[in-house]
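Peer 1: Just one file: run13.txt, with compact mmCIF, C-alpha atoms.
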# COMPACT_ATOMS: atom_id res chain seq x y z
CA MET S 24 -46.40 2.64 -29.07
CA LYS S 25 -46.06 6.34 -29.90
CA GLU S 26 -47.29 5.78 -33.49
CA ASN S 27 -50.40 4.02 -32.13
CA LYS S 28 -51.21 7.00 -29.92
CA LEU S 29 -50.59 9.29 -32.87
CA ALA S 30 -52.86 7.18 -35.08
CA GLU S 31 -55.58 7.20 -32.42
CA LEU S 32 -55.35 10.97 -31.93
CA SER S 33 -55.41 11.60 -35.66
CA MET S 34 -58.49 9.38 -36.10
CA TYR S 35 -60.30 11.20 -33.29
CA PHE S 36 -59.28 14.53 -34.81
CA SER S 37 -60.53 13.43 -38.26
CA VAL S 38 -63.92 12.62 -36.75
CA GLN S 39 -64.01 16.09 -35.16
CA ILE S 40 -63.12 17.68 -38.51
CA ILE S 41 -65.85 15.77 -40.34
CA ASN S 42 -68.37 16.95 -37.74
CA LEU S 43 -67.09 20.50 -38.17
CA VAL S 44 -67.50 20.22 -41.95
CA LYS S 45 -71.11 19.06 -41.48
CA ASP S 46 -71.79 22.12 -39.29
CA LEU S 47 -70.12 24.47 -41.76
CA LYS S 48 -72.07 23.08 -44.69
CA ALA S 49 -75.29 23.51 -42.69
CA LYS S 50 -74.31 27.20 -42.48
CA HIS S 51 -73.77 27.17 -46.27
CA GLU S 52 -70.00 27.63 -45.97
CA THR S 53 -68.42 25.44 -48.63
CA VAL S 54 -65.04 26.89 -49.63
CA ILE S 55 -63.23 26.59 -46.30
CA SER S 56 -65.19 23.51 -45.24
CA ASN S 57 -63.91 21.64 -48.30
CA GLN S 58 -60.34 22.75 -47.62
CA ILE S 59 -60.31 21.87 -43.93
CA GLY S 60 -62.11 18.61 -44.65
CA ARG S 61 -59.33 17.54 -47.01
CA SER S 62 -56.37 18.70 -44.93
CA GLY S 63 -57.81 17.67 -41.56
CA THR S 64 -58.57 14.11 -42.61
CA SER S 65 -55.38 13.76 -44.65
CA ILE S 66 -53.32 13.96 -41.45
CA GLY S 67 -54.58 10.63 -40.19
CA ALA S 68 -54.58 9.04 -43.64
CA ASN S 69 -50.87 9.76 -44.02
CA ILE S 70 -50.10 8.55 -40.50
CA TYR S 71 -51.91 5.30 -41.21
CA GLU S 72 -50.17 5.01 -44.58
CA ALA S 73 -46.78 5.46 -42.90
CA ASN S 74 -47.35 2.18 -41.08
CA TYR S 75 -47.04 0.41 -44.44
CA ALA S 76 -44.22 2.51 -45.83
CA GLN S 77 -41.74 1.05 -48.27
CA GLY S 78 -38.71 1.72 -46.10
CA LYS S 79 -37.59 4.32 -43.65
CA LYS S 80 -37.40 7.21 -46.15
CA ASP S 81 -40.98 6.58 -47.23
CA PHE S 82 -42.04 6.36 -43.56
CA VAL S 83 -40.49 9.76 -42.81
CA SER S 84 -41.95 11.22 -45.99
CA LYS S 85 -45.50 10.17 -45.00
CA LEU S 86 -45.08 11.66 -41.52
CA GLU S 87 -43.74 14.90 -43.01
CA ILE S 88 -46.74 15.10 -45.34
CA ALA S 89 -49.01 14.58 -42.31
CA LEU S 90 -47.15 17.41 -40.56
CA LYS S 91 -47.70 19.75 -43.53
CA GLU S 92 -51.39 18.85 -43.58
CA ALA S 93 -51.63 19.52 -39.83
CA SER S 94 -50.02 22.92 -40.35
CA GLU S 95 -52.49 23.74 -43.12
CA THR S 96 -55.39 22.59 -40.95
CA GLY S 97 -54.21 24.94 -38.20
CA TYR S 98 -54.39 27.80 -40.71
CA TRP S 99 -57.98 26.92 -41.72
CA LEU S 100 -59.03 26.63 -38.08
CA GLU S 101 -57.67 30.09 -37.33
CA LEU S 102 -59.38 31.51 -40.41
CA LEU S 103 -62.70 29.95 -39.40
CA HIS S 104 -62.30 31.41 -35.93
CA ARG S 105 -61.41 34.89 -37.18
CA THR S 106 -64.41 34.88 -39.50
CA ASN S 107 -66.75 33.74 -36.71
CA TYR S 108 -67.65 30.41 -38.27
CA ILE S 109 -66.45 28.67 -35.09
CA ASP S 110 -66.62 29.98 -31.55
CA ASP S 111 -63.74 30.39 -29.11
CA ALA S 112 -64.32 27.08 -27.32
CA SER S 113 -64.51 25.04 -30.54
CA TYR S 114 -61.45 26.74 -31.94
CA GLN S 115 -59.46 26.18 -28.75
CA THR S 116 -60.38 22.50 -28.57
CA LEU S 117 -59.63 21.76 -32.22
CA ASN S 118 -56.50 23.89 -32.31
CA ASP S 119 -55.15 22.19 -29.17
CA GLN S 120 -55.75 18.77 -30.73
CA CYS S 121 -54.09 19.84 -33.96
CA THR S 122 -51.11 21.27 -32.08
CA SER S 123 -50.69 18.07 -30.07
CA ILE S 124 -50.63 16.05 -33.28
CA ARG S 125 -48.05 18.43 -34.80
CA VAL S 126 -45.82 18.14 -31.73
CA MET S 127 -46.00 14.35 -31.88
CA LEU S 128 -45.31 14.35 -35.62
CA VAL S 129 -42.24 16.55 -35.21
CA ALA S 130 -40.89 14.23 -32.49
CA SER S 131 -41.64 11.13 -34.58
CA CYS S 132 -39.93 12.61 -37.64
CA LYS S 133 -36.83 13.51 -35.61
CA THR S 134 -36.67 10.05 -34.06
CA ALA S 135 -37.13 8.30 -37.42
CA LYS S 136 -34.45 10.47 -39.07
CA ASN S 137 -32.03 9.83 -36.20
CA ASN S 138 -32.67 6.08 -36.52
CA MET S 139 -32.01 6.28 -40.27
CA ASN S 140 -28.66 7.96 -39.64
CA LYS S 141 -27.63 5.18 -37.26
CA ASP S 142 -28.08 2.50 -39.93
Let me see the file written as structure tokens.
Peer 2:
Amino acid sequence: MKENKLAELSMYFSVQIINLVKDLKAKHETVISNQIGRSGTSIGANIYEANYAQGKKDFVSKLEIALKEASETGYWLELLHRTNYIDDASYQTLNDQCTSIRVMLVASCKTAKNNMNKD
């Protein structure tokens, strides 16, 4: 159940990131928009890929990659905010979503690792 919620949140977040990238490109910002587009959508892709992992180690690995991508996305969001490409409200909304995903990923990784150690 938790993975489904995580997958849903990551899909919603990916849509928000794609919309952000469209806005950034309309402002002729391409460097950061390309970076955040890749990292922000990679989170969900790795979460979805984890559902078809080849074993528990692969499952954890995919979730850890998603966590790294979420961390990178948080960096790009802060940089966009500090350089005034996104306003306070947009930054807060996107950053809160990204943080929620990171928290869920950390919990999922811990649970999966604990379950691996029990086997």
Peer 1: Report, in Å to a single decimal, how far apart CA of Thr64 (chain S) and CA of Ser37 (chain S) are.
Peer 2: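 According to the coordinates, CA of Ser37 (chain S) and CA of Thr64 (chain S) are separated by 4.8 Å.
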Peer 1: In the coordinates of the file, take the point (-69.5, 21.8, -37.5) and a cut-off of 12 Å; then, counting only C-alpha atoms, name each qualifying protein, DNA or RNA residue as a list of chain:residue names.
Peer 2: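 Counting only C-alpha atoms, I find these residues within 12 Å of (-69.5, 21.8, -37.5): S:Val38, S:Gln39, S:Ile40, S:Ile41, S:Asn42, S:Leu43, S:Val44, S:Lys45, S:Asp46, S:Leu47, S:Lys48, S:Ala49, S:Lys50, S:His51, S:Glu52, S:Thr53, S:Ile55, S:Ser56, S:Ile59, S:Gly60, S:Leu100, S:Leu103, S:Tyr108, S:Ile109, S:Asp110, S:Ser113, S:Tyr114, S:Leu117.
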Peer 1: Have a look at S:Arg105, S:Gln77, S:Glu87, S:Val54 and name the one nearest to Ala130 (chain S); count only C-alpha atoms.
Peer 2: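 Looking only at the distances to Ala130 (chain S), the closest residue turns out to be S:Glu87.
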Peer 1: Rank S:Ser84, S:Thr96, S:Asn138, S:Thr106 by their smallest atom-to-atom distance to Arg125 (chain S), using all atoms listed in the file, and report the top residue only.
Peer 2: S:Thr96
Peer 1: In Å, rounded to a single decimal, give me how far CA of Asp111 (chain S) is from CA of Lys28 (chain S).
Peer 2: 26.5 Å
Peer 1: Measuring atom to atom with all atoms listed in the file, identify which of S:Ala112, S:Ala76, S:Ala135, S:Leu90 is nearest to Ser33 (chain S).
Peer 2: S:Leu90
Peer 1: My list of candidates is S:Ile66, S:Met139, S:Val129, S:Leu32. Which is closest to Glu92 (chain S) when distances are computed with all atoms listed in the file?
Peer 2: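 With all atoms listed in the file as the atom set, the closest residue is S:Ile66.
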Peer 1: So the first atom is CA of Thr116 (chain S) and the second is CA of Lys133 (chain S); what is the distance between them in Å, to one decimal place?
Peer 2: 26.2 Å
Peer 1: Enumerate, as a ChimeraX atom specification, the protein, DNA and RNA residues whose atoms approach (-47.9, 11.5, -39.3) to within 12 Å, taking into account only C-alpha atoms and the coordinate frame of the file.
Peer 2: /S:25-34,63-74,76,81-94,121,123-133,135
Peer 1: Return the single residue from S:Arg61, S:Trp99, S:His104, S:Lys80 that is closest to Asn137 (chain S), with distances computed using all atoms listed in the file.
Peer 2: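 Smallest separation from Asn137 (chain S) among the options: S:Lys80.
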